[in-house]
$ cat structure.txt   # compact mmCIF, C-alpha atoms and all ligand atoms
# COMPACT_ATOMS: atom_id res chain seq x y z
CA MET A 1035 0.00 0.00 0.00
CA ILE A 1036 1.42 3.36 -1.02
CA SER A 1037 0.86 6.03 1.62
CA ALA A 1038 1.52 9.76 1.55
CA ALA A 1039 4.02 9.23 4.39
CA LEU A 1040 5.98 6.69 2.34
CA ILE A 1041 6.12 9.06 -0.65
CA ALA A 1042 7.18 11.97 1.57
CA ASP A 1043 9.96 9.83 3.10
CA LYS A 1044 11.21 8.74 -0.29
CA ALA A 1045 11.16 12.33 -1.56
CA GLN A 1046 13.07 13.48 1.53
CA SER A 1047 15.75 10.86 0.88
CA LEU A 1048 16.14 12.30 -2.65
CA LYS A 1049 16.78 15.81 -1.32
CA GLY A 1050 20.56 15.48 -1.56
CA PHE A 1051 20.25 14.35 -5.18
CA CYS A 1052 17.91 17.27 -5.94
CA ILE A 1053 20.29 19.83 -4.45
CA GLU A 1054 23.40 18.44 -6.11
CA THR A 1055 21.67 18.16 -9.50
CA ARG A 1056 20.05 21.56 -9.29
CA ARG A 1057 23.32 23.26 -8.33
CA ASP A 1058 25.10 21.57 -11.22
CA PHE A 1059 22.46 22.93 -13.64
CA HIS A 1060 22.60 26.30 -11.91
CA ARG A 1061 26.38 26.52 -12.50
CA ASN A 1062 25.94 25.47 -16.13
CA PRO A 1063 22.84 27.24 -17.45
CA GLU A 1064 21.77 26.99 -21.09
CA VAL A 1065 19.28 29.23 -22.89
CA GLY A 1066 16.30 27.93 -24.88
CA MET A 1067 16.97 25.34 -27.61
CA GLN A 1068 20.62 25.14 -26.52
CA GLU A 1069 19.97 22.87 -23.52
CA GLU A 1070 22.35 20.19 -24.85
CA ARG A 1071 24.11 19.41 -21.57
CA THR A 1072 21.00 19.64 -19.40
CA ALA A 1073 19.06 17.40 -21.80
CA ARG A 1074 21.92 14.90 -21.97
CA LEU A 1075 22.09 14.61 -18.16
CA ALA A 1076 18.31 14.20 -17.90
CA ALA A 1077 18.35 11.53 -20.63
CA GLN A 1078 21.24 9.66 -19.00
CA HIS A 1079 19.36 9.66 -15.71
CA LEU A 1080 16.19 8.22 -17.28
CA GLU A 1081 18.24 5.66 -19.18
CA LYS A 1082 19.94 4.55 -15.97
CA LEU A 1083 16.49 4.03 -14.47
CA GLY A 1084 15.71 1.71 -17.38
CA LEU A 1085 13.05 3.90 -19.00
CA ASP A 1086 12.32 4.06 -22.74
CA ILE A 1087 13.71 7.43 -23.71
CA ARG A 1088 13.48 9.74 -26.70
CA THR A 1089 15.93 12.59 -27.27
CA GLY A 1090 15.84 15.51 -29.69
CA VAL A 1091 12.07 15.80 -29.29
CA GLY A 1092 10.93 19.21 -30.59
CA GLY A 1093 14.53 20.45 -30.49
CA THR A 1094 16.51 19.54 -27.39
CA GLY A 1095 13.55 17.95 -25.56
CA VAL A 1096 13.79 14.60 -23.80
CA SER A 1097 11.05 12.20 -22.78
CA GLY A 1098 11.02 8.89 -20.95
CA VAL A 1099 8.21 6.42 -20.30
CA LEU A 1100 7.91 4.44 -17.11
CA GLN A 1101 5.66 1.43 -17.61
CA GLY A 1102 3.93 0.26 -14.48
CA ALA A 1103 3.61 -3.43 -13.68
CA ARG A 1104 -0.01 -3.45 -14.84
CA PRO A 1105 -1.61 -1.64 -17.80
CA GLY A 1106 -3.64 1.52 -17.36
CA ARG A 1107 -3.76 5.19 -18.25
CA THR A 1108 -0.77 7.44 -18.93
CA ILE A 1109 0.01 10.63 -17.06
CA ALA A 1110 2.75 13.03 -18.13
CA ILE A 1111 4.80 15.24 -15.83
CA ARG A 1112 6.56 18.16 -17.46
CA ALA A 1113 9.58 20.24 -16.47
CA ASP A 1114 11.25 23.05 -18.40
CA MET A 1115 15.06 23.13 -18.75
CA ASP A 1116 16.04 26.55 -20.10
CA ALA A 1117 17.83 29.46 -18.46
CA LEU A 1118 17.67 33.20 -19.25
CA PRO A 1119 20.10 35.66 -20.88
CA ILE A 1120 20.72 37.44 -17.54
CA GLN A 1121 24.01 37.99 -15.70
CA ASP A 1122 23.95 36.13 -12.37
CA GLN A 1123 24.66 38.57 -9.51
CA LYS A 1124 24.83 35.95 -6.76
CA THR A 1125 28.18 35.12 -5.16
CA CYS A 1126 27.41 31.62 -3.79
CA ASP A 1127 29.49 28.65 -4.98
CA TYR A 1128 26.77 27.43 -7.31
CA ALA A 1129 26.36 30.81 -9.06
CA SER A 1130 26.37 30.64 -12.86
CA ARG A 1131 29.76 30.07 -14.47
CA ARG A 1132 28.54 31.30 -17.83
CA ALA A 1133 28.71 35.02 -18.46
CA GLY A 1134 25.34 36.53 -19.24
CA VAL A 1135 23.29 33.34 -18.69
CA MET A 1136 21.57 32.24 -15.51
CA HIS A 1137 18.72 30.13 -14.15
CA ALA A 1138 16.65 33.09 -12.98
CA CYS A 1139 13.31 31.30 -13.18
CA GLY A 1140 14.02 28.08 -11.25
CA HIS A 1141 13.93 25.75 -14.25
CA ASP A 1142 17.10 24.11 -12.88
CA GLY A 1143 14.97 23.10 -9.88
CA HIS A 1144 12.11 21.91 -12.11
CA THR A 1145 14.48 19.65 -14.06
CA ALA A 1146 16.16 18.26 -10.91
CA MET A 1147 12.77 17.59 -9.29
CA LEU A 1148 11.48 15.74 -12.35
CA MET A 1149 14.61 13.57 -12.41
CA ALA A 1150 14.05 12.75 -8.72
CA THR A 1151 10.36 12.07 -9.36
CA ALA A 1152 11.38 9.60 -12.08
CA SER A 1153 13.64 7.83 -9.54
CA LEU A 1154 10.91 7.73 -6.92
CA LEU A 1155 8.19 6.39 -9.21
CA THR A 1156 10.51 3.86 -10.87
CA ASP A 1157 11.12 2.49 -7.40
CA LEU A 1158 7.36 1.92 -7.09
CA ARG A 1159 6.92 0.47 -10.59
CA ASP A 1160 5.54 -2.81 -9.21
CA SER A 1161 2.53 -1.07 -7.69
CA LEU A 1162 1.73 1.15 -10.67
CA CYS A 1163 -1.10 0.50 -13.12
CA GLY A 1164 -0.38 2.52 -16.24
CA ASN A 1165 2.46 4.71 -17.38
CA VAL A 1166 4.21 7.91 -16.46
CA GLN A 1167 5.70 10.02 -19.25
CA PHE A 1168 8.49 12.32 -18.02
CA ILE A 1169 8.82 15.37 -20.27
CA PHE A 1170 11.88 17.64 -20.19
CA GLN A 1171 11.02 20.62 -22.33
CA PRO A 1172 13.27 23.22 -23.94
CA ALA A 1173 12.77 26.96 -24.38
CA GLU A 1174 9.86 27.81 -22.10
CA GLU A 1175 11.18 31.40 -21.94
CA GLY A 1176 10.88 31.54 -25.73
CA PRO A 1177 10.54 30.72 -28.49
CA GLY A 1178 8.65 27.84 -26.82
CA GLY A 1179 9.32 24.12 -26.63
CA ALA A 1180 5.96 22.71 -25.53
CA ARG A 1181 4.28 23.16 -28.92
CA ALA A 1182 7.34 21.73 -30.67
CA MET A 1183 7.43 18.63 -28.44
CA ILE A 1184 3.69 18.02 -28.90
CA ASP A 1185 4.06 18.39 -32.69
CA ASP A 1186 6.89 15.87 -32.46
CA GLY A 1187 4.54 13.35 -30.83
CA VAL A 1188 5.50 13.53 -27.15
CA LEU A 1189 1.86 12.98 -26.12
CA LEU A 1190 1.46 9.89 -28.32
CA ASP A 1191 2.78 6.35 -27.96
CA PRO A 1192 1.75 5.85 -25.23
CA LYS A 1193 -1.14 8.27 -25.63
CA VAL A 1194 -0.98 10.69 -22.69
CA ASP A 1195 -4.30 11.11 -20.85
CA ALA A 1196 -3.39 13.88 -18.39
CA CYS A 1197 -0.49 16.17 -17.53
CA LEU A 1198 1.01 17.77 -14.44
CA GLY A 1199 3.55 20.56 -14.02
CA LEU A 1200 4.67 23.05 -11.43
CA HIS A 1201 6.63 26.26 -10.98
CA LEU A 1202 8.83 27.36 -8.08
CA GLN A 1203 7.54 30.65 -6.66
CA THR A 1204 9.39 33.08 -4.43
CA ASP A 1205 6.12 34.91 -3.75
CA LEU A 1206 4.81 31.81 -1.94
CA LEU A 1207 6.33 30.58 1.34
CA VAL A 1208 8.47 27.45 1.21
CA GLY A 1209 6.51 24.37 2.28
CA ARG A 1210 3.32 25.57 0.64
CA ILE A 1211 1.58 24.61 -2.58
CA GLY A 1212 -0.62 27.03 -4.52
CA ILE A 1213 -3.43 25.60 -6.59
CA ARG A 1214 -5.97 27.23 -8.80
CA TYR A 1215 -9.04 26.01 -10.65
CA GLY A 1216 -9.62 27.51 -14.09
CA THR A 1217 -7.31 29.97 -15.83
CA ILE A 1218 -3.83 30.23 -14.36
CA SER A 1219 -1.78 32.26 -16.83
CA ALA A 1220 -2.36 34.75 -19.62
CA ALA A 1221 -2.08 34.60 -23.36
CA SER A 1222 0.99 36.54 -24.43
CA ASP A 1223 1.18 38.24 -27.83
CA SER A 1224 3.68 40.72 -29.18
CA ILE A 1225 3.37 43.84 -31.32
CA GLU A 1226 5.83 45.71 -33.53
CA ILE A 1227 4.78 49.13 -34.79
CA SER A 1228 6.63 51.37 -37.25
CA ILE A 1229 5.40 54.92 -37.63
CA ARG A 1230 6.67 56.93 -40.58
CA GLY A 1231 6.52 60.66 -40.99
CA GLN A 1232 8.91 63.03 -42.75
CA ALA A 1233 12.18 64.39 -41.43
CA GLY A 1234 12.77 68.09 -41.16
CA PRO A 1235 14.45 70.82 -39.13
CA GLY A 1236 13.53 71.02 -35.47
CA ALA A 1237 12.95 74.73 -36.00
CA GLY A 1238 10.53 74.13 -38.90
CA PRO A 1239 7.97 71.52 -37.87
CA HIS A 1240 5.53 72.71 -40.56
CA GLU A 1241 7.96 71.34 -43.14
CA ALA A 1242 7.97 67.87 -41.56
CA VAL A 1243 5.69 65.11 -40.23
CA ASP A 1244 6.91 64.43 -36.70
CA ALA A 1245 6.95 60.65 -36.18
CA ILE A 1246 7.76 61.12 -32.49
CA ALA A 1247 4.71 63.32 -31.86
CA VAL A 1248 2.57 60.74 -33.69
CA ALA A 1249 4.08 57.85 -31.71
CA ALA A 1250 3.43 59.68 -28.44
CA GLN A 1251 -0.26 60.08 -29.35
CA ALA A 1252 -0.43 56.46 -30.46
CA ILE A 1253 1.00 55.19 -27.16
CA VAL A 1254 -1.52 57.18 -25.15
CA ALA A 1255 -4.41 56.13 -27.41
CA LEU A 1256 -3.44 52.44 -27.09
CA GLN A 1257 -4.07 52.67 -23.34
CA THR A 1258 -7.76 53.29 -24.05
CA ILE A 1259 -8.17 49.72 -25.35
CA VAL A 1260 -7.93 48.34 -21.82
CA SER A 1261 -9.48 51.32 -20.03
CA ARG A 1262 -12.35 52.12 -22.46
CA GLU A 1263 -13.00 49.13 -24.75
CA ILE A 1264 -12.72 46.09 -22.46
CA SER A 1265 -14.95 45.38 -19.49
CA PRO A 1266 -13.39 46.60 -16.24
CA VAL A 1267 -13.82 43.10 -14.74
CA GLU A 1268 -11.97 41.45 -17.63
CA PRO A 1269 -8.17 41.52 -17.23
CA ALA A 1270 -6.04 42.68 -20.16
CA VAL A 1271 -2.73 44.47 -20.62
CA VAL A 1272 -1.28 46.48 -23.51
CA SER A 1273 2.26 47.64 -22.75
CA VAL A 1274 4.65 49.45 -25.07
CA GLY A 1275 8.08 48.31 -23.91
CA THR A 1276 10.49 49.95 -26.35
CA VAL A 1277 10.45 53.14 -28.40
CA ARG A 1278 13.25 53.94 -30.81
CA GLY A 1279 13.52 56.90 -33.12
CA GLY A 1280 15.13 60.19 -33.97
CA TYR A 1281 18.58 61.53 -34.75
CA ARG A 1282 19.27 64.54 -32.54
CA GLY A 1283 17.52 67.22 -30.58
CA ASN A 1284 17.15 69.70 -33.43
CA VAL A 1285 15.95 67.26 -36.11
CA ILE A 1286 12.38 66.04 -36.50
CA ALA A 1287 12.31 62.26 -36.70
CA ASP A 1288 10.94 60.56 -39.78
CA GLU A 1289 10.52 57.14 -38.18
CA VAL A 1290 9.73 55.55 -34.82
CA PHE A 1291 9.83 51.83 -34.10
CA MET A 1292 8.02 50.46 -31.04
CA THR A 1293 7.54 47.01 -29.55
CA GLY A 1294 5.11 45.86 -26.92
CA THR A 1295 3.26 43.01 -25.30
CA VAL A 1296 -0.44 42.17 -25.14
CA ARG A 1297 -1.82 39.94 -22.37
CA THR A 1298 -5.34 38.55 -22.15
CA LEU A 1299 -7.14 35.72 -20.38
CA GLN A 1300 -10.23 35.11 -22.53
CA ALA A 1301 -9.97 33.82 -26.10
CA ASP A 1302 -12.58 36.26 -27.44
CA THR A 1303 -10.84 39.25 -25.85
CA ARG A 1304 -7.59 38.06 -27.37
CA SER A 1305 -8.99 37.55 -30.85
CA MET A 1306 -10.22 41.17 -30.96
CA MET A 1307 -6.85 42.67 -29.99
CA PRO A 1308 -5.16 42.82 -33.43
CA GLN A 1309 -8.04 44.78 -34.98
CA ARG A 1310 -8.41 47.08 -31.96
CA ILE A 1311 -4.72 47.97 -32.03
CA GLU A 1312 -4.70 48.40 -35.78
CA ARG A 1313 -7.79 50.67 -35.71
CA ILE A 1314 -6.11 52.99 -33.21
CA ILE A 1315 -2.76 53.09 -35.00
CA ARG A 1316 -4.48 53.61 -38.36
CA GLY A 1317 -6.66 56.40 -36.94
CA VAL A 1318 -3.90 58.26 -35.11
CA THR A 1319 -1.39 58.06 -37.97
CA GLY A 1320 -4.07 59.00 -40.52
CA ALA A 1321 -5.18 61.99 -38.48
CA MET A 1322 -1.60 63.22 -38.22
CA ARG A 1323 -0.42 62.64 -41.83
CA ALA A 1324 1.84 59.70 -40.97
CA SER A 1325 1.82 56.08 -42.14
CA TYR A 1326 2.42 52.84 -40.25
CA ASP A 1327 3.25 49.14 -40.31
CA LEU A 1328 1.88 46.85 -37.62
CA LYS A 1329 2.94 43.29 -36.95
CA TYR A 1330 0.84 41.40 -34.40
CA SER A 1331 2.28 37.99 -33.42
CA PHE A 1332 0.32 35.47 -31.38
CA GLY A 1333 2.41 33.87 -28.62
CA TYR A 1334 1.46 31.38 -25.90
CA PRO A 1335 -2.24 30.89 -25.20
CA SER A 1336 -3.59 31.21 -21.67
CA ALA A 1337 -3.39 28.05 -19.57
CA LEU A 1338 -6.48 26.42 -18.15
CA ASN A 1339 -6.33 24.01 -15.22
CA ASP A 1340 -8.69 21.05 -15.52
CA THR A 1341 -11.05 20.69 -12.54
CA ALA A 1342 -10.64 16.94 -12.00
CA ILE A 1343 -6.85 16.90 -12.35
CA THR A 1344 -6.54 19.97 -10.11
CA ALA A 1345 -8.74 18.32 -7.48
CA LEU A 1346 -6.49 15.27 -7.63
CA ALA A 1347 -3.36 17.41 -7.23
CA GLU A 1348 -5.01 19.31 -4.37
CA SER A 1349 -5.82 16.12 -2.48
CA ALA A 1350 -2.27 14.81 -3.05
CA ALA A 1351 -0.82 18.10 -1.76
CA LYS A 1352 -3.08 18.04 1.30
CA GLU A 1353 -2.14 14.45 2.12
CA ILE A 1354 1.55 15.29 1.92
CA LEU A 1355 1.56 18.74 3.52
CA GLY A 1356 -1.63 19.03 5.54
CA GLN A 1357 -4.69 21.12 4.87
CA ASP A 1358 -3.32 24.53 5.85
CA GLN A 1359 -0.20 24.37 3.68
CA VAL A 1360 -2.28 24.26 0.51
CA GLU A 1361 -3.42 27.63 -0.76
CA HIS A 1362 -6.12 28.46 -3.27
CA LEU A 1363 -4.63 31.19 -5.42
CA PRO A 1364 -7.05 34.10 -5.73
CA ALA A 1365 -6.17 35.12 -9.29
CA PRO A 1366 -4.34 34.00 -12.40
CA THR A 1367 -1.07 35.70 -13.33
CA MET A 1368 -0.83 37.93 -16.39
CA GLY A 1369 2.49 36.18 -17.04
CA ALA A 1370 2.57 33.49 -19.70
CA GLU A 1371 3.60 29.84 -19.46
CA ASP A 1372 3.82 27.47 -22.40
CA PHE A 1373 2.57 24.60 -20.25
CA ALA A 1374 -0.65 26.07 -21.74
CA TYR A 1375 -0.10 23.90 -24.84
CA PHE A 1376 -0.09 20.72 -22.76
CA ALA A 1377 -3.22 21.96 -20.97
CA GLU A 1378 -4.83 22.56 -24.37
CA ALA A 1379 -4.00 19.05 -25.53
CA VAL A 1380 -4.99 16.99 -22.44
CA PRO A 1381 -6.64 17.62 -19.04
CA ALA A 1382 -3.86 19.16 -16.99
CA SER A 1383 -2.97 21.02 -13.83
CA PHE A 1384 -0.14 23.42 -13.12
CA LEU A 1385 0.82 23.97 -9.48
CA ARG A 1386 2.74 26.71 -7.72
CA LEU A 1387 5.47 25.46 -5.40
CA GLY A 1388 6.37 27.82 -2.55
CA ALA A 1389 10.11 28.62 -2.36
CA ARG A 1390 10.28 31.92 -0.49
CA ASN A 1391 12.39 32.14 2.66
CA GLU A 1392 13.10 35.60 4.00
CA ALA A 1393 15.38 34.24 6.76
CA LYS A 1394 17.67 32.87 4.02
CA GLY A 1395 17.38 36.07 1.96
CA ILE A 1396 15.34 34.29 -0.70
CA ILE A 1397 13.06 37.14 -1.68
CA TYR A 1398 13.85 38.01 -5.29
CA PRO A 1399 11.22 37.40 -7.96
CA GLY A 1400 11.82 35.31 -11.08
CA HIS A 1401 13.94 36.96 -13.80
CA ASN A 1402 15.81 39.02 -11.17
CA PRO A 1403 19.65 38.74 -11.41
CA LYS A 1404 19.72 37.73 -7.72
CA PHE A 1405 16.99 35.11 -8.06
CA ASP A 1406 17.35 31.95 -5.99
CA PHE A 1407 14.85 29.55 -4.45
CA ASP A 1408 14.79 27.65 -1.16
CA GLU A 1409 16.05 24.15 -1.95
CA ASP A 1410 13.87 22.76 0.87
CA ALA A 1411 11.00 23.19 -1.60
CA MET A 1412 12.26 20.40 -3.84
CA PRO A 1413 11.25 17.33 -1.77
CA THR A 1414 7.80 18.93 -1.45
CA GLY A 1415 7.53 19.24 -5.21
CA VAL A 1416 8.77 15.69 -5.79
CA SER A 1417 6.36 14.16 -3.28
CA VAL A 1418 3.30 16.07 -4.49
CA LEU A 1419 3.96 15.30 -8.17
CA SER A 1420 4.63 11.64 -7.36
CA LEU A 1421 1.55 11.14 -5.21
CA ALA A 1422 -0.70 12.97 -7.69
CA ALA A 1423 0.57 10.73 -10.50
CA ILE A 1424 0.04 7.58 -8.41
CA LYS A 1425 -3.47 8.68 -7.46
CA TYR A 1426 -4.29 9.30 -11.11
CA LEU A 1427 -3.09 5.85 -12.12
CA LEU A 1428 -5.08 4.21 -9.33
CA GLU A 1429 -8.27 6.15 -10.09
CA ARG A 1430 -10.64 4.46 -12.49
ZN ZN A 1501 10.50 32.72 -16.49
ZN ZN A 1502 9.61 29.83 -15.50
$ encode --input "structure.txt" --output "structure tokens" --more "lines below"
Ligand SMILES: [Zn+2]
Ligand SMILES: [Zn+2]
Amino acid sequence: MISAALIADKAQSLKGFCIETRRDFHRNPEVGMQEERTARLAAQHLEKLGLDIRTGVGGTGVSGVLQGARPGRTIAIRADMDALPIQDQKTCDYASRRAGVMHACGHDGHTAMLMATASLLTDLRDSLCGNVQFIFQPAEEGPGGARAMIDDGVLLDPKVDACLGLHLQTDLLVGRIGIRYGTISAASDSIEISIRGQAGPGAGPHEAVDAIAVAAQAIVALQTIVSREISPVEPAVVSVGTVRGGYRGNVIADEVFMTGTVRTLQADTRSMMPQRIERIIRGVTGAMRASYDLKYSFGYPSALNDTAITALAESAAKEILGQDQVEHLPAPTMGAEDFAYFAEAVPASFLRLGARNEAKGIIYPGHNPKFDFDEDAMPTGVSVLSLAAIKYLLER
């Protein structure tokens, strides 16, 4: 009989492995689609456990199937492997050794935890009915590896019936799990806008069409999409993140190039965004004698947690940690997560794993150059993922 206490014990005994593995990845970070070393170590680990592995899935992705002693359904557990192009500012001995690259989002921890989860569940193979597919995904931070792995068949053979994933969070106390029913992350799209006017002397604006004045109006007008066109109870974001243009203070600029991001939760709100943005840019540039180019690129969709799989993960978390360590998250994040593609393909749930510890100085958010997470979180993650997978395979 597999109990929560047994799983928690086994996960605790894998803590040393988790820390050592995570620190090794942390010292040797690799950005998206270049995760050669990380993928190789994950694959070697699965191979040593005797799993059927596939490498080079959707780029540098790796997958491994654990077949239980008896047949049944298949549940996938996914981790992301990529680091970010950020200079590590930590001084600890496991700080990044690669200039300008660091694990600032905890994906080193996700990969180490999934390797440990594979060890734990392989140990229990004799009591499993069904399969567990371990998925090590590249490029979550962009351009995206989930879609590529799915297109490459990672959810087929054996056909995956459900999927689990989690993310380390330094806004949630270590020892806690955050769960949420329904939408958990936003759709993330990007915009590129060129505005063209006509250059001229700064002293003679009537002889020019000032692209900077037009861009300024356009930026302000874009803010009215969220404030005036979308219901105040429906979350959406339009942010212009870069503006580039001009030559010098006494010359009127003929061109401005801007980039931005668009975040939405509902599909119908999202689908209206390209035409809303275009209407405003067309109107403002037309009114001010300028012309424009707009490129709207759809990125990750928003991720939806399945009710049944989330309930299963919640009960696993409560059995491992106790009722009061499991938090219902009040709102989705407007951040994006390409786990969304797995959640689109099969019933899935994405959990938040608490990793904040102010006493240890672990307070920095993801993507901060001083980011770190409390390693005590890792056995928690391993035990909750393992027990949720076991529960799924026992459920009929
Ligand atoms: Zn990130
Ligand atoms: Zn991340």
$ residues_near_ligand --input "structure.txt" --ligand "ligand ZN 1502 (chain A)" --cutoff "12 Å" --atoms "only C-alpha atoms and all ligand atoms" --output "PyMOL selection string"
chain A and resi 1066+1113-1118+1137-1145+1171-1176+1178+1199-1204+1219+1369-1373+1384+1386-1387+1399-1402+1405
$ closest_residue --input "structure.txt" --among "A:Val1277, A:Cys1163, A:Ile1229, A:Met1136" --to "ligand ZN 1501 (chain A)" --atoms "all atoms listed in the file"
A:Met1136
$ residues_around --input "structure.txt" --residues "Arg1316 of chain A" --least-positions-apart "5" --cutoff "9 Å" --atoms "only C-alpha atoms" --output "VMD selection string"
chain A and resid 1311 1321 1325 to 1326
$ atom_distance --input "structure.txt" --atom1 "atom CA of Gln1257 of chain A" --atom2 "atom CA of Ile1218 of chain A"
24.2 Å
$ closest_residue --input "structure.txt" --among "A:Gly1212, A:Asp1406, A:Ala1129, A:Glu1241" --to "Val1360 of chain A" --atoms "all atoms listed in the file"
A:Gly1212
$ atom_distance --input "structure.txt" --atom1 "atom CA of Val1318 of chain A" --atom2 "atom CA of Ser1273 of chain A"
17.4 Å
$ residues_near_point --input "structure.txt" --point "(24.0, 39.3, -18.7)" --cutoff "7 Å" --atoms "only C-alpha atoms" --output "count of residues only"
6
$ closest_residue --input "structure.txt" --among "A:Ile1184, A:Val1065, A:Ala1073, A:Met1306" --to "ligand ZN 1501 (chain A)" --atoms "only C-alpha atoms and all ligand atoms"
A:Val1065
$ closest_residue --input "structure.txt" --among "A:Thr1258, A:Ser1265, A:Thr1156, A:Thr1293" --to "Lys1082 of chain A" --atoms "all atoms listed in the file"
A:Thr1156
$ atom_distance --input "structure.txt" --atom1 "atom CA of Met1067 of chain A" --atom2 "atom CA of Leu1085 of chain A"
23.4 Å
$ residues_around --input "structure.txt" --residues "segment 1408-1422 of chain A" --least-positions-apart "5" --cutoff "7 Å" --atoms "all atoms listed in the file" --output "PyMOL selection string"
chain A and resi 1038+1041-1042+1045-1046+1049+1052-1053+1147+1150-1151+1155+1208-1209+1346-1347+1350-1351+1354+1387-1391+1396
$ residues_around --input "structure.txt" --residues "Ser1224 of chain A" --least-positions-apart "4" --cutoff "10 Å" --atoms "all atoms listed in the file" --output "list in words"
Val1272, Ser1273, Val1274, Thr1293, Gly1294, Thr1295, Val1296, Arg1297, Lys1329, Tyr1330, Ser1331, Phe1332 and Gly1333 of chain A
$ residues_around --input "structure.txt" --residues "Leu1198 of chain A" --least-positions-apart "6" --cutoff "7 Å" --atoms "only C-alpha atoms" --output "list in words"
Ala1110, Ile1111, Arg1112, Ala1382, Ser1383 and Phe1384 of chain A
$ residues_around --input "structure.txt" --residues "Ala1342 of chain A" --least-positions-apart "3" --cutoff "12 Å" --atoms "all atoms listed in the file" --output "PyMOL selection string"
chain A and resi 1196-1198+1214-1216+1339+1345-1349+1380-1383+1422+1425-1426+1429
$ build_atoms --input "structure.txt" --residues "segment 1065-1077 of chain A" --atoms "N, CA and C atoms" --output "mmCIF file, in the frame of the given file"
data_model
loop_
_atom_site.group_PDB
_atom_site.id
_atom_site.type_symbol
_atom_site.label_atom_id
_atom_site.label_comp_id
_atom_site.auth_asym_id
_atom_site.auth_seq_id
_atom_site.Cartn_x
_atom_site.Cartn_y
_atom_site.Cartn_z
ATOM 1 N N VAL A 1065 20.515 28.564 -22.463
ATOM 2 C CA VAL A 1065 19.280 29.230 -22.890
ATOM 3 C C VAL A 1065 18.476 28.309 -23.828
ATOM 4 N N GLY A 1066 17.261 28.735 -24.122
ATOM 5 C CA GLY A 1066 16.300 27.930 -24.880
ATOM 6 C C GLY A 1066 16.843 27.379 -26.179
ATOM 7 N N MET A 1067 16.573 26.104 -26.419
ATOM 8 C CA MET A 1067 16.970 25.340 -27.610
ATOM 9 C C MET A 1067 18.479 25.092 -27.683
ATOM 10 N N GLN A 1068 19.189 25.480 -26.596
ATOM 11 C CA GLN A 1068 20.620 25.140 -26.520
ATOM 12 C C GLN A 1068 20.879 24.275 -25.296
ATOM 13 N N GLU A 1069 19.831 23.639 -24.768
ATOM 14 C CA GLU A 1069 19.970 22.870 -23.520
ATOM 15 C C GLU A 1069 20.586 21.504 -23.768
ATOM 16 N N GLU A 1070 21.739 21.465 -24.462
ATOM 17 C CA GLU A 1070 22.350 20.190 -24.850
ATOM 18 C C GLU A 1070 22.809 19.406 -23.613
ATOM 19 N N ARG A 1071 23.537 20.092 -22.738
ATOM 20 C CA ARG A 1071 24.110 19.410 -21.570
ATOM 21 C C ARG A 1071 23.004 18.996 -20.603
ATOM 22 N N THR A 1072 22.105 19.921 -20.326
ATOM 23 C CA THR A 1072 21.000 19.640 -19.400
ATOM 24 C C THR A 1072 20.186 18.453 -19.920
ATOM 25 N N ALA A 1073 19.865 18.476 -21.211
ATOM 26 C CA ALA A 1073 19.060 17.400 -21.800
ATOM 27 C C ALA A 1073 19.821 16.068 -21.743
ATOM 28 N N ARG A 1074 21.125 16.136 -21.972
ATOM 29 C CA ARG A 1074 21.920 14.900 -21.970
ATOM 30 C C ARG A 1074 21.916 14.284 -20.562
ATOM 31 N N LEU A 1075 22.080 15.126 -19.532
ATOM 32 C CA LEU A 1075 22.090 14.610 -18.160
ATOM 33 C C LEU A 1075 20.725 14.050 -17.766
ATOM 34 N N ALA A 1076 19.667 14.709 -18.201
ATOM 35 C CA ALA A 1076 18.310 14.200 -17.900
ATOM 36 C C ALA A 1076 18.110 12.860 -18.602
ATOM 37 N N ALA A 1077 18.526 12.776 -19.862
ATOM 38 C CA ALA A 1077 18.350 11.530 -20.630
ATOM 39 C C ALA A 1077 19.158 10.394 -20.017
#
